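J.: Sending over a structure as structure tokens; questions will come in a sec.
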Amino acid sequence: MRLSMFLVALVLVVVLGSPFAQAQTDLVTAAKREGRLTVYGSMETDVFAVVQKIFEGKYGIPLDYWRASSTRVMDRVLTEVRAGKPLYDVAHTNRSPMMILKGEKAFGKYTSPSYESFPAAALDKDSVLSPSYRVVVVSVLYNTRLVKAEDAPKTMADLLLPKWKGKIVMPDPTQHTTTMTWLANLNKIMGADWRSYVERLAGQVSLVESFLPAVNKVITGEFPLGISYVKYVHVFGKEGAPLDYVRLTPVLAEAHHVALGAKPTSPNAGKLFIDMFTSRLGLLALAQAGEFVLVPGIYPPIKDADKLKIVMMEDLDEQELKQFGAELGRFFLKR
């Protein structure tokens with residue numbers, strides 16, 4: 001019911017017009033003259049295609065999207081910035097990499113009119129990063145053909161049971177920044193037992209590059225369990241994948257941001273995209289595609305999504321990532 005009422009309100013705004021839309025007239029004209037937009041990000045191509053279709057359909061501006069893991073997005077942007085040859089107009093990924101890129105002057109200042117709908121506390125004091133428009137929620141996913149719901153782990157501690165040894169896949173935390181950040185934040189759940197837990201977990205798992213290959217290996221049945229994003233239950237479940245997730249209490253989540261490049265080839269198209277991407281229209285489209293967006297009362301079409309107790313991760317700076325990565329290496333690389 002709440003979603004239906006929101007859609008009605010959204011249609012009225014689109015049909016009747018709004019000050020926000022009218023104020024964009026000059027920006028749209030300038031953006032169309034630029035001709036093309038390039039976006040780098042870690043959002044899955046199929047999910048991003050939902051907002052890409054809206055953007056291209058509404059403004060007629062072709063969009064080129066390069067997708068990779070959060071770590072690879074950060075590395076590519078850093079390489080281009082340090083070489084003085086940035087090829088991206090807009091970038092978006094998890095908070096820790098975005099904060100590092102901000103520190104490297106990879107982004108320019110831009111405050112979208114759509115940010116007015118976010119709480120003032122969510123705004124970047126430097127007007128560089130967008131407010132967090134969505135969060136990525138991490139949990140244990142399992143193949144429902146291989147694991148019955150009653151037999152699935154109920155807590156993080158259950159992953160240490162002998163029966164799961166060698167049957168869990170997760171991203172390599174020494175190479176993947178989001179997994180590294182997630183493990184660091186597990187201390188909020190594990191407390192004094194955290195270090196012992198992480199060391200024992202390392203002996204239970206097999207490693208892949210990022211969350212997407214982890215869930216793919218669960219879907220194919222190579223592993224019955226995987227540590228990955230909850231949203232994949234919907235993203236791949238709608239295609240028939242046998243996936244469910246453990247309702248951990250709490251679940252950890254990381255914020256995502258989007259930003260305009262410091263030296264974009266298409267600055268106006270970049271601004272126009274950020275306006276649409278972080279608008280209620282863009283966020284609603286993302287929610288319907290399975291994302292946990294930060295719009296009150298709007299949830300992805302995932303069972304019990306509205307009941308999850310979500311705790312936000314604290315981000316790690318570049319030095320903390322290096323130090324923590326080296327520490328994790330002693331656990332995960334000695335296996």
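Naming scheme: A, B, ... for chains in displayed order of the structure tokens; residues 1 onward per chain; ligands 1 onward as shown.
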Can you list, as a list in words, every protein, DNA or RNA residue that comes within 9 Å of A:Leu328 when you count only C-alpha atoms, leaving out same-chain residues fewer than 2 positions away?
T.: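 Here the answer would be Pro173, Thr174, Met180, Val198, Glu199, Ala202, Gln323, Phe324, Gly325, Ala326, Arg330, Phe331, Phe332 and Leu333 of chain A.
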J.: For the selection just defined, write its residues with C-alpha atoms to a file, as a PDB file, in the first residue's frame.
T.:
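Done, and the output landed in selection-v4.pdb:
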```pdb
ATOM      1  CA  PRO A 173      39.516  -9.917   2.177  1.00  0.00           C
ATOM      2  CA  THR A 174      43.170  -9.210   1.440  1.00  0.00           C
ATOM      3  CA  MET A 180      37.947  -6.272   4.446  1.00  0.00           C
ATOM      4  CA  VAL A 198      38.241 -14.307  12.041  1.00  0.00           C
ATOM      5  CA  GLU A 199      41.260 -16.613  12.288  1.00  0.00           C
ATOM      6  CA  ALA A 202      39.784 -18.267   7.495  1.00  0.00           C
ATOM      7  CA  GLN A 323      47.295  -2.378   7.889  1.00  0.00           C
ATOM      8  CA  PHE A 324      44.207  -4.511   8.235  1.00  0.00           C
ATOM      9  CA  GLY A 325      44.880  -6.220   4.897  1.00  0.00           C
ATOM     10  CA  ALA A 326      48.326  -7.233   6.112  1.00  0.00           C
ATOM     11  CA  ARG A 330      48.337 -13.824   8.192  1.00  0.00           C
ATOM     12  CA  PHE A 331      45.013 -15.621   8.596  1.00  0.00           C
ATOM     13  CA  PHE A 332      43.753 -16.103   5.044  1.00  0.00           C
ATOM     14  CA  LEU A 333      46.944 -16.502   3.027  1.00  0.00           C
TER      15      LEU A 333
END
```
J.: Mind the document's chain letters and residue numbers, and return as a PyMOL selection string the residues of stretch 40-255 of chain A that DSSP labels helix (DSSP H, G or I).
T.: chain A and resi 45-59+70-83+95-103+113-117+120-122+149-151+156-160+162-164+177-185+187-202+211-219+232-235+237-239
J.: Go through stretch 87-184 of chain A and flag each residue having an atom no more than 12 Å from stretch 204-215 of chain A; for those, report the closest pair of atoms plus their distance in Å to one decimal, using only C-alpha atoms, ordered by chain and rising number, as a Markdown table.
T.:
```
| residue | atom | partner | partner_atom | distance |
| --- | --- | --- | --- | --- |
| A:Val136 | CA | A:Phe211 | CA | 10.9 |
| A:Val137 | CA | A:Phe211 | CA | 11.3 |
| A:Val138 | CA | A:Phe211 | CA | 9.3 |
| A:Ser139 | CA | A:Phe211 | CA | 10.8 |
| A:Val140 | CA | A:Val215 | CA | 9.8 |
| A:Leu141 | CA | A:Val215 | CA | 7.5 |
| A:Tyr142 | CA | A:Val215 | CA | 8.7 |
| A:Asn143 | CA | A:Val215 | CA | 9.4 |
| A:Ala157 | CA | A:Gln204 | CA | 11.7 |
| A:Asp158 | CA | A:Gln204 | CA | 11.1 |
| A:Leu159 | CA | A:Gln204 | CA | 7.7 |
| A:Leu160 | CA | A:Gln204 | CA | 6.8 |
| A:Leu161 | CA | A:Gln204 | CA | 8.8 |
| A:Pro162 | CA | A:Gln204 | CA | 8.4 |
| A:Lys163 | CA | A:Gln204 | CA | 9.7 |
| A:Trp164 | CA | A:Gln204 | CA | 6.9 |
| A:Lys165 | CA | A:Gln204 | CA | 4.5 |
| A:Gly166 | CA | A:Gln204 | CA | 5.4 |
| A:Lys167 | CA | A:Val205 | CA | 6.7 |
| A:Ile168 | CA | A:Val205 | CA | 4.8 |
| A:Val169 | CA | A:Ser206 | CA | 4.8 |
| A:Met170 | CA | A:Leu207 | CA | 5.2 |
| A:Pro171 | CA | A:Ser210 | CA | 4.5 |
| A:Asp172 | CA | A:Leu207 | CA | 5.0 |
| A:Pro173 | CA | A:Leu207 | CA | 8.4 |
| A:Thr174 | CA | A:Glu209 | CA | 9.8 |
| A:Gln175 | CA | A:Glu209 | CA | 7.4 |
| A:His176 | CA | A:Ser210 | CA | 6.3 |
| A:Thr177 | CA | A:Ser210 | CA | 9.2 |
| A:Thr178 | CA | A:Ser210 | CA | 8.6 |
| A:Thr179 | CA | A:Ser210 | CA | 8.0 |
| A:Met180 | CA | A:Ser210 | CA | 10.9 |
| A:Trp182 | CA | A:Phe211 | CA | 11.9 |
```
J.: According to DSSP computed on the backbone, where in stretch 202-303 of chain A is there strand (DSSP E)? Give the residues as a list in words.
T.: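 Filtering stretch 202-303 of chain A to strand (DSSP E) leaves Val205, Ser206, Leu207, Val208, Leu225, Gly226, Ile227, Ser228, Tyr229, Leu243, Asp244, Tyr245, Val251, Leu252, Ala253, Glu254, Ala255, His256, His257, Val258, Ala259, Leu260, Phe292 and Val293 of chain A.
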J.: Those residues you just picked out, can you put them in a file as a PDB file, in the first residue's frame with N, CA and C atoms?
T.:
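What landed in out.pdb:
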```
ATOM      1  N   VAL A 205      36.888 -21.332   4.809  1.00  0.00           N
ATOM      2  CA  VAL A 205      36.369 -20.774   3.560  1.00  0.00           C
ATOM      3  C   VAL A 205      37.314 -20.965   2.377  1.00  0.00           C
ATOM      4  N   SER A 206      36.716 -20.829   1.180  1.00  0.00           N
ATOM      5  CA  SER A 206      37.467 -20.688  -0.065  1.00  0.00           C
ATOM      6  C   SER A 206      37.243 -19.266  -0.563  1.00  0.00           C
ATOM      7  N   LEU A 207      38.219 -18.718  -1.288  1.00  0.00           N
ATOM      8  CA  LEU A 207      38.192 -17.302  -1.634  1.00  0.00           C
ATOM      9  C   LEU A 207      38.035 -17.063  -3.136  1.00  0.00           C
ATOM     10  N   VAL A 208      37.299 -15.991  -3.461  1.00  0.00           N
ATOM     11  CA  VAL A 208      37.149 -15.541  -4.847  1.00  0.00           C
ATOM     12  C   VAL A 208      37.383 -14.034  -4.873  1.00  0.00           C
ATOM     13  N   LEU A 225      27.173 -22.595   0.728  1.00  0.00           N
ATOM     14  CA  LEU A 225      27.080 -21.318   1.439  1.00  0.00           C
ATOM     15  C   LEU A 225      28.048 -20.302   0.840  1.00  0.00           C
ATOM     16  N   GLY A 226      27.653 -19.024   0.916  1.00  0.00           N
ATOM     17  CA  GLY A 226      28.547 -17.963   0.476  1.00  0.00           C
ATOM     18  C   GLY A 226      28.268 -16.673   1.227  1.00  0.00           C
ATOM     19  N   ILE A 227      29.294 -15.901   1.451  1.00  0.00           N
ATOM     20  CA  ILE A 227      29.131 -14.585   2.064  1.00  0.00           C
ATOM     21  C   ILE A 227      29.040 -13.576   0.929  1.00  0.00           C
ATOM     22  N   SER A 228      27.900 -12.895   0.861  1.00  0.00           N
ATOM     23  CA  SER A 228      27.663 -12.015  -0.276  1.00  0.00           C
ATOM     24  C   SER A 228      26.541 -11.038   0.055  1.00  0.00           C
ATOM     25  N   TYR A 229      26.056 -10.334  -0.966  1.00  0.00           N
ATOM     26  CA  TYR A 229      25.002  -9.343  -0.782  1.00  0.00           C
ATOM     27  C   TYR A 229      23.624  -9.987  -0.720  1.00  0.00           C
ATOM     28  N   LEU A 243      18.172 -19.463  -4.188  1.00  0.00           N
ATOM     29  CA  LEU A 243      18.885 -18.686  -3.188  1.00  0.00           C
ATOM     30  C   LEU A 243      17.991 -18.238  -2.051  1.00  0.00           C
ATOM     31  N   ASP A 244      18.529 -18.248  -0.859  1.00  0.00           N
ATOM     32  CA  ASP A 244      17.922 -17.583   0.285  1.00  0.00           C
ATOM     33  C   ASP A 244      19.064 -17.053   1.138  1.00  0.00           C
ATOM     34  N   TYR A 245      18.712 -16.286   2.175  1.00  0.00           N
ATOM     35  CA  TYR A 245      19.764 -15.695   3.000  1.00  0.00           C
ATOM     36  C   TYR A 245      19.468 -15.911   4.474  1.00  0.00           C
ATOM     37  N   VAL A 251      22.532  -7.349  10.726  1.00  0.00           N
ATOM     38  CA  VAL A 251      23.311  -7.498   9.490  1.00  0.00           C
ATOM     39  C   VAL A 251      24.112  -6.210   9.292  1.00  0.00           C
ATOM     40  N   LEU A 252      25.314  -6.367   8.770  1.00  0.00           N
ATOM     41  CA  LEU A 252      26.156  -5.212   8.507  1.00  0.00           C
ATOM     42  C   LEU A 252      25.936  -4.721   7.079  1.00  0.00           C
ATOM     43  N   ALA A 253      25.987  -3.410   6.906  1.00  0.00           N
ATOM     44  CA  ALA A 253      25.774  -2.816   5.585  1.00  0.00           C
ATOM     45  C   ALA A 253      26.743  -1.674   5.371  1.00  0.00           C
ATOM     46  N   GLU A 254      27.123  -1.458   4.120  1.00  0.00           N
ATOM     47  CA  GLU A 254      28.025  -0.349   3.796  1.00  0.00           C
ATOM     48  C   GLU A 254      27.312   0.644   2.897  1.00  0.00           C
ATOM     49  N   ALA A 255      27.547   1.911   3.153  1.00  0.00           N
ATOM     50  CA  ALA A 255      26.951   2.983   2.358  1.00  0.00           C
ATOM     51  C   ALA A 255      27.600   3.047   0.973  1.00  0.00           C
ATOM     52  N   HIS A 256      26.830   3.576   0.023  1.00  0.00           N
ATOM     53  CA  HIS A 256      27.332   3.828  -1.323  1.00  0.00           C
ATOM     54  C   HIS A 256      27.164   5.300  -1.656  1.00  0.00           C
ATOM     55  N   HIS A 257      28.093   5.820  -2.450  1.00  0.00           N
ATOM     56  CA  HIS A 257      28.039   7.217  -2.882  1.00  0.00           C
ATOM     57  C   HIS A 257      28.300   7.301  -4.378  1.00  0.00           C
ATOM     58  N   VAL A 258      27.895   8.422  -4.960  1.00  0.00           N
ATOM     59  CA  VAL A 258      28.188   8.715  -6.357  1.00  0.00           C
ATOM     60  C   VAL A 258      28.826  10.100  -6.395  1.00  0.00           C
ATOM     61  N   ALA A 259      29.682  10.340  -7.385  1.00  0.00           N
ATOM     62  CA  ALA A 259      30.353  11.634  -7.462  1.00  0.00           C
ATOM     63  C   ALA A 259      30.717  11.965  -8.909  1.00  0.00           C
ATOM     64  N   LEU A 260      30.805  13.244  -9.173  1.00  0.00           N
ATOM     65  CA  LEU A 260      31.217  13.758 -10.474  1.00  0.00           C
ATOM     66  C   LEU A 260      32.736  13.770 -10.549  1.00  0.00           C
ATOM     67  N   PHE A 292      18.670  -1.858  -1.417  1.00  0.00           N
ATOM     68  CA  PHE A 292      18.213  -1.260  -0.167  1.00  0.00           C
ATOM     69  C   PHE A 292      18.493   0.241  -0.251  1.00  0.00           C
ATOM     70  N   VAL A 293      17.514   1.003  -0.696  1.00  0.00           N
ATOM     71  CA  VAL A 293      17.693   2.443  -0.860  1.00  0.00           C
ATOM     72  C   VAL A 293      17.259   3.166   0.410  1.00  0.00           C
TER      73      VAL A 293
END
```
J.: Identify which of the residues A:Val28, A:Ala305, A:Asp46, A:Asp126 lies closest to A:Glu239, counting only C-alpha atoms when measuring atom-to-atom distances.
T.: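 Of A:Val28, A:Ala305, A:Asp46, A:Asp126, the one nearest A:Glu239 is A:Asp46, counting only C-alpha atoms.
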